[in-house]
Every structure is written in C-alpha cells, then in structure tokens.
file upload_31.pdb (PDB, C-alpha atoms and all ligand atoms)
ATOM      1  CA  MET K   1       0.000   0.000   0.000  1.00  0.00           C
ATOM      2  CA  ALA K   2       1.483   3.308  -1.041  1.00  0.00           C
ATOM      3  CA  GLN K   3      -0.019   5.452   1.668  1.00  0.00           C
ATOM      4  CA  ASP K   4      -1.445   4.278   4.984  1.00  0.00           C
ATOM      5  CA  VAL K   5      -4.593   6.331   4.627  1.00  0.00           C
ATOM      6  CA  ASN K   6      -6.081   5.351   7.982  1.00  0.00           C
ATOM      7  CA  LYS K   7      -2.933   6.227   9.881  1.00  0.00           C
ATOM      8  CA  LEU K   8      -2.585   9.574   8.127  1.00  0.00           C
ATOM      9  CA  LYS K   9      -6.268  10.372   8.622  1.00  0.00           C
ATOM     10  CA  THR K  10      -5.987   9.667  12.344  1.00  0.00           C
ATOM     11  CA  ILE K  11      -2.886  11.850  12.651  1.00  0.00           C
ATOM     12  CA  LEU K  12      -4.108  14.779  10.567  1.00  0.00           C
ATOM     13  CA  SER K  13      -7.546  14.772  12.218  1.00  0.00           C
ATOM     14  CA  ALA K  14      -6.037  15.445  15.617  1.00  0.00           C
ATOM     15  CA  ALA K  15      -5.574  19.222  15.183  1.00  0.00           C
ATOM     16  CA  PRO K  16      -6.628  21.826  12.599  1.00  0.00           C
ATOM     17  CA  VAL K  17      -3.115  23.214  12.149  1.00  0.00           C
ATOM     18  CA  VAL K  18       0.267  21.530  11.641  1.00  0.00           C
ATOM     19  CA  PRO K  19       3.087  23.894  12.658  1.00  0.00           C
ATOM     20  CA  VAL K  20       5.811  23.970  10.002  1.00  0.00           C
ATOM     21  CA  ILE K  21       8.971  24.240  12.066  1.00  0.00           C
ATOM     22  CA  ILE K  22      12.429  25.346  10.932  1.00  0.00           C
ATOM     23  CA  HIS K  23      14.537  24.795  14.031  1.00  0.00           C
ATOM     24  CA  ASP K  24      18.211  23.994  14.589  1.00  0.00           C
ATOM     25  CA  ASP K  25      18.738  24.404  18.336  1.00  0.00           C
ATOM     26  CA  VAL K  26      18.485  20.964  19.919  1.00  0.00           C
ATOM     27  CA  SER K  27      18.617  22.362  23.462  1.00  0.00           C
ATOM     28  CA  SER K  28      15.354  24.301  23.054  1.00  0.00           C
ATOM     29  CA  ALA K  29      13.536  21.705  20.921  1.00  0.00           C
ATOM     30  CA  ARG K  30      11.721  20.131  23.852  1.00  0.00           C
ATOM     31  CA  ALA K  31      10.480  23.454  25.216  1.00  0.00           C
ATOM     32  CA  LEU K  32       9.182  24.419  21.784  1.00  0.00           C
ATOM     33  CA  ALA K  33       7.367  21.110  21.344  1.00  0.00           C
ATOM     34  CA  GLU K  34       5.932  21.324  24.863  1.00  0.00           C
ATOM     35  CA  ALA K  35       4.568  24.820  24.163  1.00  0.00           C
ATOM     36  CA  LEU K  36       2.896  23.697  20.930  1.00  0.00           C
ATOM     37  CA  VAL K  37       1.395  20.563  22.484  1.00  0.00           C
ATOM     38  CA  ALA K  38       0.239  22.547  25.550  1.00  0.00           C
ATOM     39  CA  GLY K  39      -1.557  24.897  23.159  1.00  0.00           C
ATOM     40  CA  GLY K  40      -3.268  21.942  21.498  1.00  0.00           C
ATOM     41  CA  LEU K  41      -1.184  21.471  18.353  1.00  0.00           C
ATOM     42  CA  VAL K  42       0.036  17.904  18.669  1.00  0.00           C
ATOM     43  CA  ASN K  43       1.277  17.313  15.112  1.00  0.00           C
ATOM     44  CA  LEU K  44       4.686  18.916  14.641  1.00  0.00           C
ATOM     45  CA  GLU K  45       6.295  19.081  11.188  1.00  0.00           C
ATOM     46  CA  VAL K  46      10.029  19.619  11.584  1.00  0.00           C
ATOM     47  CA  THR K  47      11.555  20.499   8.245  1.00  0.00           C
ATOM     48  CA  LEU K  48      14.822  18.942   7.105  1.00  0.00           C
ATOM     49  CA  ARG K  49      16.231  22.391   6.418  1.00  0.00           C
ATOM     50  CA  THR K  50      18.702  22.715   9.271  1.00  0.00           C
ATOM     51  CA  PRO K  51      21.818  20.694  10.127  1.00  0.00           C
ATOM     52  CA  ASN K  52      20.305  19.479  13.422  1.00  0.00           C
ATOM     53  CA  ALA K  53      16.769  18.819  12.171  1.00  0.00           C
ATOM     54  CA  LEU K  54      16.925  15.072  12.840  1.00  0.00           C
ATOM     55  CA  LYS K  55      18.177  15.661  16.392  1.00  0.00           C
ATOM     56  CA  VAL K  56      15.431  18.248  16.916  1.00  0.00           C
ATOM     57  CA  MET K  57      12.843  15.683  15.785  1.00  0.00           C
ATOM     58  CA  ALA K  58      14.223  13.061  18.161  1.00  0.00           C
ATOM     59  CA  GLU K  59      14.041  15.526  21.072  1.00  0.00           C
ATOM     60  CA  MET K  60      10.509  16.623  20.211  1.00  0.00           C
ATOM     61  CA  ALA K  61       9.393  12.988  19.891  1.00  0.00           C
ATOM     62  CA  LYS K  62      10.134  12.560  23.616  1.00  0.00           C
ATOM     63  CA  VAL K  63       7.437  15.084  24.554  1.00  0.00           C
ATOM     64  CA  PRO K  64       4.267  13.347  25.756  1.00  0.00           C
ATOM     65  CA  GLY K  65       1.451  13.873  23.278  1.00  0.00           C
ATOM     66  CA  ALA K  66       3.674  15.122  20.470  1.00  0.00           C
ATOM     67  CA  VAL K  67       3.286  13.474  17.067  1.00  0.00           C
ATOM     68  CA  VAL K  68       6.419  14.472  15.214  1.00  0.00           C
ATOM     69  CA  GLY K  69       6.665  14.449  11.450  1.00  0.00           C
ATOM     70  CA  SER K  70       9.486  15.350   9.111  1.00  0.00           C
ATOM     71  CA  GLY K  71       9.074  18.029   6.479  1.00  0.00           C
ATOM     72  CA  THR K  72      10.861  18.918   3.247  1.00  0.00           C
ATOM     73  CA  CYS K  73      11.541  15.209   2.535  1.00  0.00           C
ATOM     74  CA  ARG K  74      13.159  14.955  -0.888  1.00  0.00           C
ATOM     75  CA  THR K  75      15.159  11.710  -0.950  1.00  0.00           C
ATOM     76  CA  LEU K  76      14.907   8.090   0.137  1.00  0.00           C
ATOM     77  CA  GLU K  77      17.577   8.885   2.723  1.00  0.00           C
ATOM     78  CA  ASP K  78      15.318  11.626   4.133  1.00  0.00           C
ATOM     79  CA  LEU K  79      12.501   9.103   4.510  1.00  0.00           C
ATOM     80  CA  LYS K  80      14.621   6.494   6.259  1.00  0.00           C
ATOM     81  CA  ALA K  81      16.247   9.086   8.537  1.00  0.00           C
ATOM     82  CA  SER K  82      12.812  10.436   9.500  1.00  0.00           C
ATOM     83  CA  GLN K  83      11.695   7.006  10.575  1.00  0.00           C
ATOM     84  CA  ASP K  84      14.890   6.472  12.574  1.00  0.00           C
ATOM     85  CA  ALA K  85      14.420   9.850  14.302  1.00  0.00           C
ATOM     86  CA  GLY K  86      11.061   8.700  15.690  1.00  0.00           C
ATOM     87  CA  CYS K  87       8.789  10.523  13.266  1.00  0.00           C
ATOM     88  CA  GLN K  88       5.247   9.267  12.758  1.00  0.00           C
ATOM     89  CA  PHE K  89       4.627  10.945   9.411  1.00  0.00           C
ATOM     90  CA  MET K  90       6.564  12.635   6.609  1.00  0.00           C
ATOM     91  CA  VAL K  91       5.786  15.612   4.384  1.00  0.00           C
ATOM     92  CA  SER K  92       7.254  16.579   1.024  1.00  0.00           C
ATOM     93  CA  PRO K  93       6.851  19.790  -0.989  1.00  0.00           C
ATOM     94  CA  GLY K  94       6.414  17.675  -4.130  1.00  0.00           C
ATOM     95  CA  ALA K  95       5.378  14.274  -5.391  1.00  0.00           C
ATOM     96  CA  PRO K  96       8.053  12.886  -7.742  1.00  0.00           C
ATOM     97  CA  VAL K  97       7.367   9.259  -8.675  1.00  0.00           C
ATOM     98  CA  ALA K  98      10.726   8.116  -7.279  1.00  0.00           C
ATOM     99  CA  LEU K  99       9.875   9.560  -3.861  1.00  0.00           C
ATOM    100  CA  LEU K 100       6.378   8.051  -3.811  1.00  0.00           C
ATOM    101  CA  GLU K 101       7.853   4.670  -4.712  1.00  0.00           C
ATOM    102  CA  ALA K 102      10.570   5.015  -2.080  1.00  0.00           C
ATOM    103  CA  ALA K 103       7.953   5.761   0.574  1.00  0.00           C
ATOM    104  CA  GLU K 104       6.565   2.258   0.040  1.00  0.00           C
ATOM    105  CA  HIS K 105       9.686   0.938   1.771  1.00  0.00           C
ATOM    106  CA  VAL K 106       9.209   3.086   4.871  1.00  0.00           C
ATOM    107  CA  SER K 107       6.679   2.203   7.556  1.00  0.00           C
ATOM    108  CA  ILE K 108       5.448   5.738   8.320  1.00  0.00           C
ATOM    109  CA  PRO K 109       3.065   7.529   5.934  1.00  0.00           C
ATOM    110  CA  LEU K 110       4.120  10.246   3.500  1.00  0.00           C
ATOM    111  CA  LEU K 111       2.038  13.328   2.748  1.00  0.00           C
ATOM    112  CA  PRO K 112       3.300  14.431  -0.681  1.00  0.00           C
ATOM    113  CA  GLY K 113       2.850  17.918  -2.106  1.00  0.00           C
ATOM    114  CA  ILE K 114       0.933  18.750  -5.265  1.00  0.00           C
ATOM    115  CA  ALA K 115       0.074  22.025  -6.976  1.00  0.00           C
ATOM    116  CA  SER K 116      -2.149  20.989  -9.904  1.00  0.00           C
ATOM    117  CA  PRO K 117      -4.879  18.482 -10.890  1.00  0.00           C
ATOM    118  CA  THR K 118      -2.410  16.453 -12.955  1.00  0.00           C
ATOM    119  CA  GLU K 119      -0.017  16.129 -10.015  1.00  0.00           C
ATOM    120  CA  ALA K 120      -2.897  15.210  -7.707  1.00  0.00           C
ATOM    121  CA  MET K 121      -4.099  12.591 -10.200  1.00  0.00           C
ATOM    122  CA  ALA K 122      -0.608  11.132 -10.616  1.00  0.00           C
ATOM    123  CA  ALA K 123      -0.280  10.734  -6.850  1.00  0.00           C
ATOM    124  CA  SER K 124      -3.796   9.313  -6.634  1.00  0.00           C
ATOM    125  CA  LEU K 125      -2.970   6.700  -9.282  1.00  0.00           C
ATOM    126  CA  MET K 126      -0.106   5.582  -7.034  1.00  0.00           C
ATOM    127  CA  GLY K 127      -2.429   5.140  -4.072  1.00  0.00           C
ATOM    128  CA  TYR K 128      -2.078   8.524  -2.385  1.00  0.00           C
ATOM    129  CA  THR K 129      -5.318  10.043  -1.066  1.00  0.00           C
ATOM    130  CA  TYR K 130      -4.000  12.613   1.426  1.00  0.00           C
ATOM    131  CA  LEU K 131      -2.009  15.360  -0.257  1.00  0.00           C
ATOM    132  CA  LYS K 132      -0.382  18.623   0.711  1.00  0.00           C
ATOM    133  CA  PHE K 133      -1.435  21.537  -1.524  1.00  0.00           C
ATOM    134  CA  PHE K 134       1.713  23.610  -1.835  1.00  0.00           C
ATOM    135  CA  PRO K 135       2.398  26.510  -2.067  1.00  0.00           C
ATOM    136  CA  ALA K 136      -1.266  27.082  -1.312  1.00  0.00           C
ATOM    137  CA  GLU K 137      -1.661  30.866  -1.451  1.00  0.00           C
ATOM    138  CA  ALA K 138       0.769  31.330  -4.336  1.00  0.00           C
ATOM    139  CA  MET K 139      -1.025  28.670  -6.387  1.00  0.00           C
ATOM    140  CA  GLY K 140      -4.399  30.371  -6.055  1.00  0.00           C
ATOM    141  CA  GLY K 141      -5.498  29.530  -2.542  1.00  0.00           C
ATOM    142  CA  ALA K 142      -8.805  28.200  -1.311  1.00  0.00           C
ATOM    143  CA  PRO K 143     -10.709  28.784  -4.607  1.00  0.00           C
ATOM    144  CA  VAL K 144      -8.375  26.286  -6.309  1.00  0.00           C
ATOM    145  CA  LEU K 145      -8.966  23.613  -3.689  1.00  0.00           C
ATOM    146  CA  LYS K 146     -12.688  24.300  -3.897  1.00  0.00           C
ATOM    147  CA  SER K 147     -12.438  23.644  -7.637  1.00  0.00           C
ATOM    148  CA  PHE K 148     -10.674  20.316  -7.006  1.00  0.00           C
ATOM    149  CA  ALA K 149     -13.555  18.989  -4.886  1.00  0.00           C
ATOM    150  CA  SER K 150     -16.007  18.126  -7.651  1.00  0.00           C
ATOM    151  CA  PRO K 151     -13.692  16.360 -10.156  1.00  0.00           C
ATOM    152  CA  LEU K 152     -11.410  14.840  -7.483  1.00  0.00           C
ATOM    153  CA  PRO K 153     -13.922  14.100  -4.688  1.00  0.00           C
ATOM    154  CA  ASP K 154     -11.905  11.350  -3.002  1.00  0.00           C
ATOM    155  CA  LEU K 155      -8.741  13.428  -2.494  1.00  0.00           C
ATOM    156  CA  ILE K 156      -8.137  15.229   0.807  1.00  0.00           C
ATOM    157  CA  PHE K 157      -5.728  18.122   1.238  1.00  0.00           C
ATOM    158  CA  CYS K 158      -3.539  19.857   3.786  1.00  0.00           C
ATOM    159  CA  PRO K 159      -2.855  23.289   2.234  1.00  0.00           C
ATOM    160  CA  THR K 160       0.431  24.866   3.254  1.00  0.00           C
ATOM    161  CA  GLY K 161       2.307  27.985   2.203  1.00  0.00           C
ATOM    162  CA  GLY K 162       1.050  31.452   3.007  1.00  0.00           C
ATOM    163  CA  ILE K 163      -1.578  30.287   5.502  1.00  0.00           C
ATOM    164  CA  THR K 164      -2.325  32.628   8.413  1.00  0.00           C
ATOM    165  CA  ILE K 165      -4.768  32.774  11.319  1.00  0.00           C
ATOM    166  CA  ALA K 166      -6.858  35.068   9.069  1.00  0.00           C
ATOM    167  CA  ASN K 167      -7.157  32.882   5.967  1.00  0.00           C
ATOM    168  CA  ALA K 168      -7.027  29.446   7.658  1.00  0.00           C
ATOM    169  CA  PRO K 169     -10.803  29.375   8.374  1.00  0.00           C
ATOM    170  CA  THR K 170     -11.601  29.663   4.644  1.00  0.00           C
ATOM    171  CA  TYR K 171      -9.495  26.578   3.899  1.00  0.00           C
ATOM    172  CA  LEU K 172     -10.758  24.663   6.931  1.00  0.00           C
ATOM    173  CA  GLY K 173     -14.334  25.305   5.800  1.00  0.00           C
ATOM    174  CA  LEU K 174     -13.782  23.309   2.596  1.00  0.00           C
ATOM    175  CA  PRO K 175     -14.985  19.682   2.572  1.00  0.00           C
ATOM    176  CA  ASN K 176     -11.723  18.416   1.046  1.00  0.00           C
ATOM    177  CA  VAL K 177      -9.429  19.998   3.662  1.00  0.00           C
ATOM    178  CA  ILE K 178      -8.463  17.994   6.747  1.00  0.00           C
ATOM    179  CA  CYS K 179      -6.053  20.531   8.255  1.00  0.00           C
ATOM    180  CA  VAL K 180      -3.706  23.331   7.238  1.00  0.00           C
ATOM    181  CA  GLY K 181       0.029  23.744   7.733  1.00  0.00           C
ATOM    182  CA  GLY K 182       1.865  26.923   8.570  1.00  0.00           C
ATOM    183  CA  SER K 183       4.805  28.574  10.217  1.00  0.00           C
ATOM    184  CA  TRP K 184       2.883  31.496  11.709  1.00  0.00           C
ATOM    185  CA  VAL K 185       2.513  29.626  15.020  1.00  0.00           C
ATOM    186  CA  VAL K 186       6.297  29.321  15.409  1.00  0.00           C
ATOM    187  CA  PRO K 187       7.657  32.876  14.951  1.00  0.00           C
ATOM    188  CA  GLU K 188      11.433  32.896  14.810  1.00  0.00           C
ATOM    189  CA  ALA K 189      11.793  35.985  17.015  1.00  0.00           C
ATOM    190  CA  ALA K 190       9.758  34.529  19.888  1.00  0.00           C
ATOM    191  CA  ILE K 191      11.623  31.230  19.742  1.00  0.00           C
ATOM    192  CA  LYS K 192      15.034  32.933  19.654  1.00  0.00           C
ATOM    193  CA  ALA K 193      13.992  34.986  22.684  1.00  0.00           C
ATOM    194  CA  GLY K 194      12.869  31.855  24.531  1.00  0.00           C
ATOM    195  CA  ASP K 195       9.340  33.233  24.656  1.00  0.00           C
ATOM    196  CA  PHE K 196       7.536  29.905  24.565  1.00  0.00           C
ATOM    197  CA  GLU K 197       4.474  31.362  26.276  1.00  0.00           C
ATOM    198  CA  SER K 198       3.819  33.360  23.086  1.00  0.00           C
ATOM    199  CA  VAL K 199       4.172  30.167  21.062  1.00  0.00           C
ATOM    200  CA  ARG K 200       1.714  28.401  23.380  1.00  0.00           C
ATOM    201  CA  ARG K 201      -0.782  31.264  22.967  1.00  0.00           C
ATOM    202  CA  LEU K 202      -0.491  31.196  19.155  1.00  0.00           C
ATOM    203  CA  ALA K 203      -0.885  27.413  19.200  1.00  0.00           C
ATOM    204  CA  ALA K 204      -3.987  27.637  21.399  1.00  0.00           C
ATOM    205  CA  GLU K 205      -5.523  30.217  19.050  1.00  0.00           C
ATOM    206  CA  ALA K 206      -4.780  27.960  16.055  1.00  0.00           C
ATOM    207  CA  ALA K 207      -6.023  24.838  17.839  1.00  0.00           C
ATOM    208  CA  GLY K 208      -9.322  26.614  18.453  1.00  0.00           C
ATOM    209  CA  LEU K 209     -10.044  27.031  14.730  1.00  0.00           C
ATOM    210  CA  ALA K 210     -13.183  25.191  13.680  1.00  0.00           C
ATOM    211  CA  ARG K 211     -13.200  22.503  11.016  1.00  0.00           C
TER
HETATM  212  C1  LIG A   1       6.988  25.668   4.062  1.00  0.00           C
HETATM  213  O1  LIG A   1       7.257  24.618   3.523  1.00  0.00           O
HETATM  214  O2  LIG A   1       7.823  26.556   4.287  1.00  0.00           O
HETATM  215  C2  LIG A   1       5.597  25.785   4.502  1.00  0.00           C
HETATM  216  O3  LIG A   1       4.750  25.711   3.442  1.00  0.00           O
HETATM  217  C3  LIG A   1       5.334  26.946   5.393  1.00  0.00           C
HETATM  218  O4  LIG A   1       4.896  28.011   4.682  1.00  0.00           O
HETATM  219  P1  LIG A   1       4.607  29.354   5.467  1.00  0.00           P
HETATM  220  O5  LIG A   1       5.900  29.775   6.084  1.00  0.00           O
HETATM  221  O6  LIG A   1       4.113  30.296   4.411  1.00  0.00           O
HETATM  222  O7  LIG A   1       3.558  29.035   6.512  1.00  0.00           O
END
call {"tool": "encode", "arguments": {"input": "upload_31.pdb", "output": "structure tokens"}}
result
Amino acid sequence: MAQDVNKLKTILSAAPVVPVIIHDDVSSARALAEALVAGGLVNLEVTLRTPNALKVMAEMAKVPGAVVGSGTCRTLEDLKASQDAGCQFMVSPGAPVALLEAAEHVSIPLLPGIASPTEAMAASLMGYTYLKFFPAEAMGGAPVLKSFASPLPDLIFCPTGGITIANAPTYLGLPNVICVGGSWVVPEAAIKAGDFESVRRLAAEAAGLAR
C-alpha cells in the first residue's frame, strides 16, 4: 500500500493546524514542542532544512502527546532518517514518482505535495489520497482547492504555504481539507527569545479554529 490512509487520517484529524517548524537548536527543541502541544497542536512538522533537524525531531518525539513528522523530505535517505528519528509521518513539498515509490519501503506515511490536478491525479494513481497543496496561497489559494472537490472528490488536502490565522478558516471550511500547515505559530523571534508562552498562545488560538 502506497499510503497508509487510515494512519494519516488519524494523525491529521487530531488538530486543525500543523506547525511547520524550521529549528536547529536541539537544546530548546523540547520546550518548543511542549509549548505547541500545551496549546493543542500535537502534530509537529520539523523540516529537514537545518543541520540538526533530525536531532530536533528526536528531542521533540520525547514530549508526551507530540506526534512528530518530518518536512521537506526529498530523498529516500530523508525518509529512512525520519523514521529512525522517531517521526510518525513525513511531508514533502512535491510528489516525484521516485519519492512516492521510495515511501513504500518506509513504515510511516508520507504526505506528498501537489500544486495541480495532474499532479494530484498522478499521486492518486499511485495510491495517495492525502495530499499537501503547496504553495497554497501562491497557487491560487482556497478557490483552487474548492475547484478540485467536484472532479477529485476522493482526495483530501492539507494546504500549506502562506496560511495565516486570518485565511485558515476559509481553507478549513472546505470539505476536502483535513487541516492546514503553517509557520505562523512558530515565529522565529519569539523562539530565539525563549518566549515559549507566546508560542503556546499562538498554538492555542490555532487549535481553536473550527473545522
Ligand atoms: C513551508 O514549507 O515553508 C511551509 O509551506 C510553510 O509556509 P509558510 O511559512 O508560508 O507558513
């Protein structure tokens, strides 16, 4: 099976927003994860964009209630390393065939990114039902996903890229959206300052969004 749909559905249903985290400081990883989980955002996407990303994931995975996923997965090595770091899901900005095939050899589900009907259909033909719509705002935003719903009724999306507390409700109101992803809940300045209470407040606000 290319994508464990039930597992991914269970994970992505748990909270309306998946924080997209770019974080390199292992020593503060736990505090950041604890703040997000305390606010109600349990799914944490840690992008593979920093040298210590895998160590950050492993630290965050120790936090009770945290469901850590890897982001920016581009290679088979990324997929295997994510699994070894204790991740429970993986996210990619794209959906190249080689990556979708590689994900079949990893036991945690991959959420691949698509930006067009053809890409969504190609992923669907390979057994992928849950897809990231990326970069959501730049590709036309919620009206595009709304247009996907009639011809592609079985496909479910997590839009990411340019999502904010202001536009998230429009996406979350669509029948083919399970959750949204975004970095607005993890502002770099607050994290650098050690202001995890601000992160917790932003997470609580995001967790309160209706679906
Ligand atoms: C990303 O991959 O960087 C995510 O899509 C986050 O986008 P954002 O920073 O616009 O929320």
call {"tool": "closest_residue", "arguments": {"input": "upload_31.pdb", "among": "K:Met57, K:Leu152, K:Ile11, K:Val37", "to": "Thr118 in chain K", "atoms": "only C-alpha atoms"}}
result
K:Leu152
call {"tool": "residues_around", "arguments": {"input": "upload_31.pdb", "residues": "range 64-80 of chain K", "least_positions_apart": "4", "cutoff": "7 Å", "atoms": "only C-alpha atoms", "output": "list in words"}}
result
Val37, Val42, Asn43, Leu44, Glu45, Val46, Thr47, Leu48, Met57, Met60, Asp84, Cys87, Gln88, Phe89, Met90, Val91, Ser92, Pro93, Leu99, Ala102, Ala103 and Val106 of chain K
call {"tool": "axis_aligned_box", "arguments": {"input": "upload_31.pdb", "around": "ligand LIG 1 (chain A)", "padding_each_side": "4 Å", "output": "lines of an AutoDock Vina configuration file"}}
result
center_x = 5.7
center_y = 27.5
center_z = 5.0
size_x = 12.3
size_y = 13.7
size_z = 11.1
call {"tool": "atom_distance", "arguments": {"input": "upload_31.pdb", "atom1": "CA of Leu209 in chain K", "atom2": "atom O4 of ligand LIG 1 (chain A)"}}
result
18.0 Å
call {"tool": "closest_atom_pairs", "arguments": {"input": "upload_31.pdb", "of": "chain K", "to": "ligand LIG 1 (chain A)", "cutoff": "8 Å", "atoms": "only C-alpha atoms and all ligand atoms", "output": "JSON lines"}}
result
{"residue": "K:Val20", "atom": "CA", "partner": "A:LIG1", "partner_atom": "C3", "distance": 5.5}
{"residue": "K:Thr47", "atom": "CA", "partner": "A:LIG1", "partner_atom": "O1", "distance": 7.6}
{"residue": "K:Gly71", "atom": "CA", "partner": "A:LIG1", "partner_atom": "O1", "distance": 7.4}
{"residue": "K:Thr72", "atom": "CA", "partner": "A:LIG1", "partner_atom": "O1", "distance": 6.7}
{"residue": "K:Pro93", "atom": "CA", "partner": "A:LIG1", "partner_atom": "O1", "distance": 6.6}
{"residue": "K:Phe134", "atom": "CA", "partner": "A:LIG1", "partner_atom": "O3", "distance": 6.4}
{"residue": "K:Pro135", "atom": "CA", "partner": "A:LIG1", "partner_atom": "O3", "distance": 6.0}
{"residue": "K:Ala136", "atom": "CA", "partner": "A:LIG1", "partner_atom": "O3", "distance": 7.8}
{"residue": "K:Thr160", "atom": "CA", "partner": "A:LIG1", "partner_atom": "O3", "distance": 4.4}
{"residue": "K:Gly161", "atom": "CA", "partner": "A:LIG1", "partner_atom": "O3", "distance": 3.6}
{"residue": "K:Gly162", "atom": "CA", "partner": "A:LIG1", "partner_atom": "O6", "distance": 3.6}
{"residue": "K:Ile163", "atom": "CA", "partner": "A:LIG1", "partner_atom": "O7", "distance": 5.4}
{"residue": "K:Thr164", "atom": "CA", "partner": "A:LIG1", "partner_atom": "O7", "distance": 7.2}
{"residue": "K:Gly181", "atom": "CA", "partner": "A:LIG1", "partner_atom": "O7", "distance": 6.5}
{"residue": "K:Gly182", "atom": "CA", "partner": "A:LIG1", "partner_atom": "O7", "distance": 3.4}
{"residue": "K:Ser183", "atom": "CA", "partner": "A:LIG1", "partner_atom": "O7", "distance": 3.9}
{"residue": "K:Trp184", "atom": "CA", "partner": "A:LIG1", "partner_atom": "O7", "distance": 5.8}
call {"tool": "atom_distance", "arguments": {"input": "upload_31.pdb", "atom1": "CA of Ile114 in chain K", "atom2": "CA of Leu131 in chain K"}}
result
6.7 Å
call {"tool": "residues_near_point", "arguments": {"input": "upload_31.pdb", "point": "(-10.9, 22.0, -3.8)", "cutoff": "10 Å", "atoms": "all atoms listed in the file", "output": "mmCIF file with C-alpha atoms, in the coordinates of the input"}}
result
data_model
loop_
_atom_site.group_PDB
_atom_site.id
_atom_site.type_symbol
_atom_site.label_atom_id
_atom_site.label_comp_id
_atom_site.auth_asym_id
_atom_site.auth_seq_id
_atom_site.Cartn_x
_atom_site.Cartn_y
_atom_site.Cartn_z
ATOM 1 C CA PRO K 117 -4.879 18.482 -10.890
ATOM 2 C CA PHE K 133 -1.435 21.537 -1.524
ATOM 3 C CA GLY K 141 -5.498 29.530 -2.542
ATOM 4 C CA ALA K 142 -8.805 28.200 -1.311
ATOM 5 C CA PRO K 143 -10.709 28.784 -4.607
ATOM 6 C CA VAL K 144 -8.375 26.286 -6.309
ATOM 7 C CA LEU K 145 -8.966 23.613 -3.689
ATOM 8 C CA LYS K 146 -12.688 24.300 -3.897
ATOM 9 C CA SER K 147 -12.438 23.644 -7.637
ATOM 10 C CA PHE K 148 -10.674 20.316 -7.006
ATOM 11 C CA ALA K 149 -13.555 18.989 -4.886
ATOM 12 C CA SER K 150 -16.007 18.126 -7.651
ATOM 13 C CA PRO K 151 -13.692 16.360 -10.156
ATOM 14 C CA LEU K 152 -11.410 14.840 -7.483
ATOM 15 C CA PRO K 153 -13.922 14.100 -4.688
ATOM 16 C CA LEU K 155 -8.741 13.428 -2.494
ATOM 17 C CA ILE K 156 -8.137 15.229 0.807
ATOM 18 C CA PHE K 157 -5.728 18.122 1.238
ATOM 19 C CA TYR K 171 -9.495 26.578 3.899
ATOM 20 C CA LEU K 174 -13.782 23.309 2.596
ATOM 21 C CA PRO K 175 -14.985 19.682 2.572
ATOM 22 C CA ASN K 176 -11.723 18.416 1.046
ATOM 23 C CA VAL K 177 -9.429 19.998 3.662
#
call {"tool": "resolve_selection", "arguments": {"input": "upload_31.pdb", "expression": "the PyMOL selection byres (((chain K and resi 33) around 9) and not hetatm)", "output": "PyMOL selection string"}}
result
chain K and resi 28-32+34-38+42+44+59-61+63+66
call {"tool": "closest_residue", "arguments": {"input": "upload_31.pdb", "among": "K:Ala53, K:Val17, K:Ala81, K:Leu110", "to": "Leu172 in chain K", "atoms": "only C-alpha atoms"}}
result
K:Val17
call {"tool": "resolve_selection", "arguments": {"input": "upload_31.pdb", "expression": "the PyMOL selection byres (((chain K and resi 187) around 10) and not hetatm)", "output": "ChimeraX atom specification"}}
result
/K:21-22,183-186,188-192,195,198-199,202
call {"tool": "resolve_selection", "arguments": {"input": "upload_31.pdb", "expression": "the PyMOL selection byres (((chain K and resi 129) around 9) and not hetatm)", "output": "list in words"}}
result
Gln3, Val5, Leu111, Ala120, Ala123, Ser124, Gly127, Tyr128, Tyr130, Leu131, Asp154, Leu155, Ile156 and Phe157 of chain K
call {"tool": "closest_residue", "arguments": {"input": "upload_31.pdb", "among": "K:Lys62, K:Lys55, K:His105, K:Arg49", "to": "Ala2 in chain K", "atoms": "only C-alpha atoms"}}
result
K:His105
call {"tool": "atom_distance", "arguments": {"input": "upload_31.pdb", "atom1": "CA of Ala204 in chain K", "atom2": "CA of Val18 in chain K"}}
result
12.3 Å
call {"tool": "residues_around", "arguments": {"input": "upload_31.pdb", "residues": "Ala207 in chain K", "least_positions_apart": "2", "cutoff": "8 Å", "atoms": "all atoms listed in the file", "output": "list in words"}}
result
Ala15, Pro16, Val17, Gly39, Gly40, Leu41, Ala203, Ala204, Glu205 and Leu209 of chain K
call {"tool": "closest_residue", "arguments": {"input": "upload_31.pdb", "among": "K:Ala168, K:Val180, K:Met126, K:Pro109", "to": "Lys9 in chain K", "atoms": "only C-alpha atoms"}}
result
K:Pro109
call {"tool": "closest_residue", "arguments": {"input": "upload_31.pdb", "among": "K:Met139, K:Ser107, K:Ile165, K:Phe196", "to": "Leu8 in chain K", "atoms": "all atoms listed in the file"}}
result
K:Ser107
call {"tool": "residues_around", "arguments": {"input": "upload_31.pdb", "residues": "Pro51 in chain K", "least_positions_apart": "5", "cutoff": "10 Å", "atoms": "only C-alpha atoms", "output": "ChimeraX atom specification"}}
result
/K:23-25,56
call {"tool": "write_last_selection", "arguments": {"input": "upload_31.pdb", "atoms": "C-alpha atoms", "output": "PDB file, in the coordinates of the input"}}
result
ATOM      1  CA  HIS K  23      14.537  24.795  14.031  1.00  0.00           C
ATOM      2  CA  ASP K  24      18.211  23.994  14.589  1.00  0.00           C
ATOM      3  CA  ASP K  25      18.738  24.404  18.336  1.00  0.00           C
ATOM      4  CA  VAL K  56      15.431  18.248  16.916  1.00  0.00           C
TER       5      VAL K  56
END
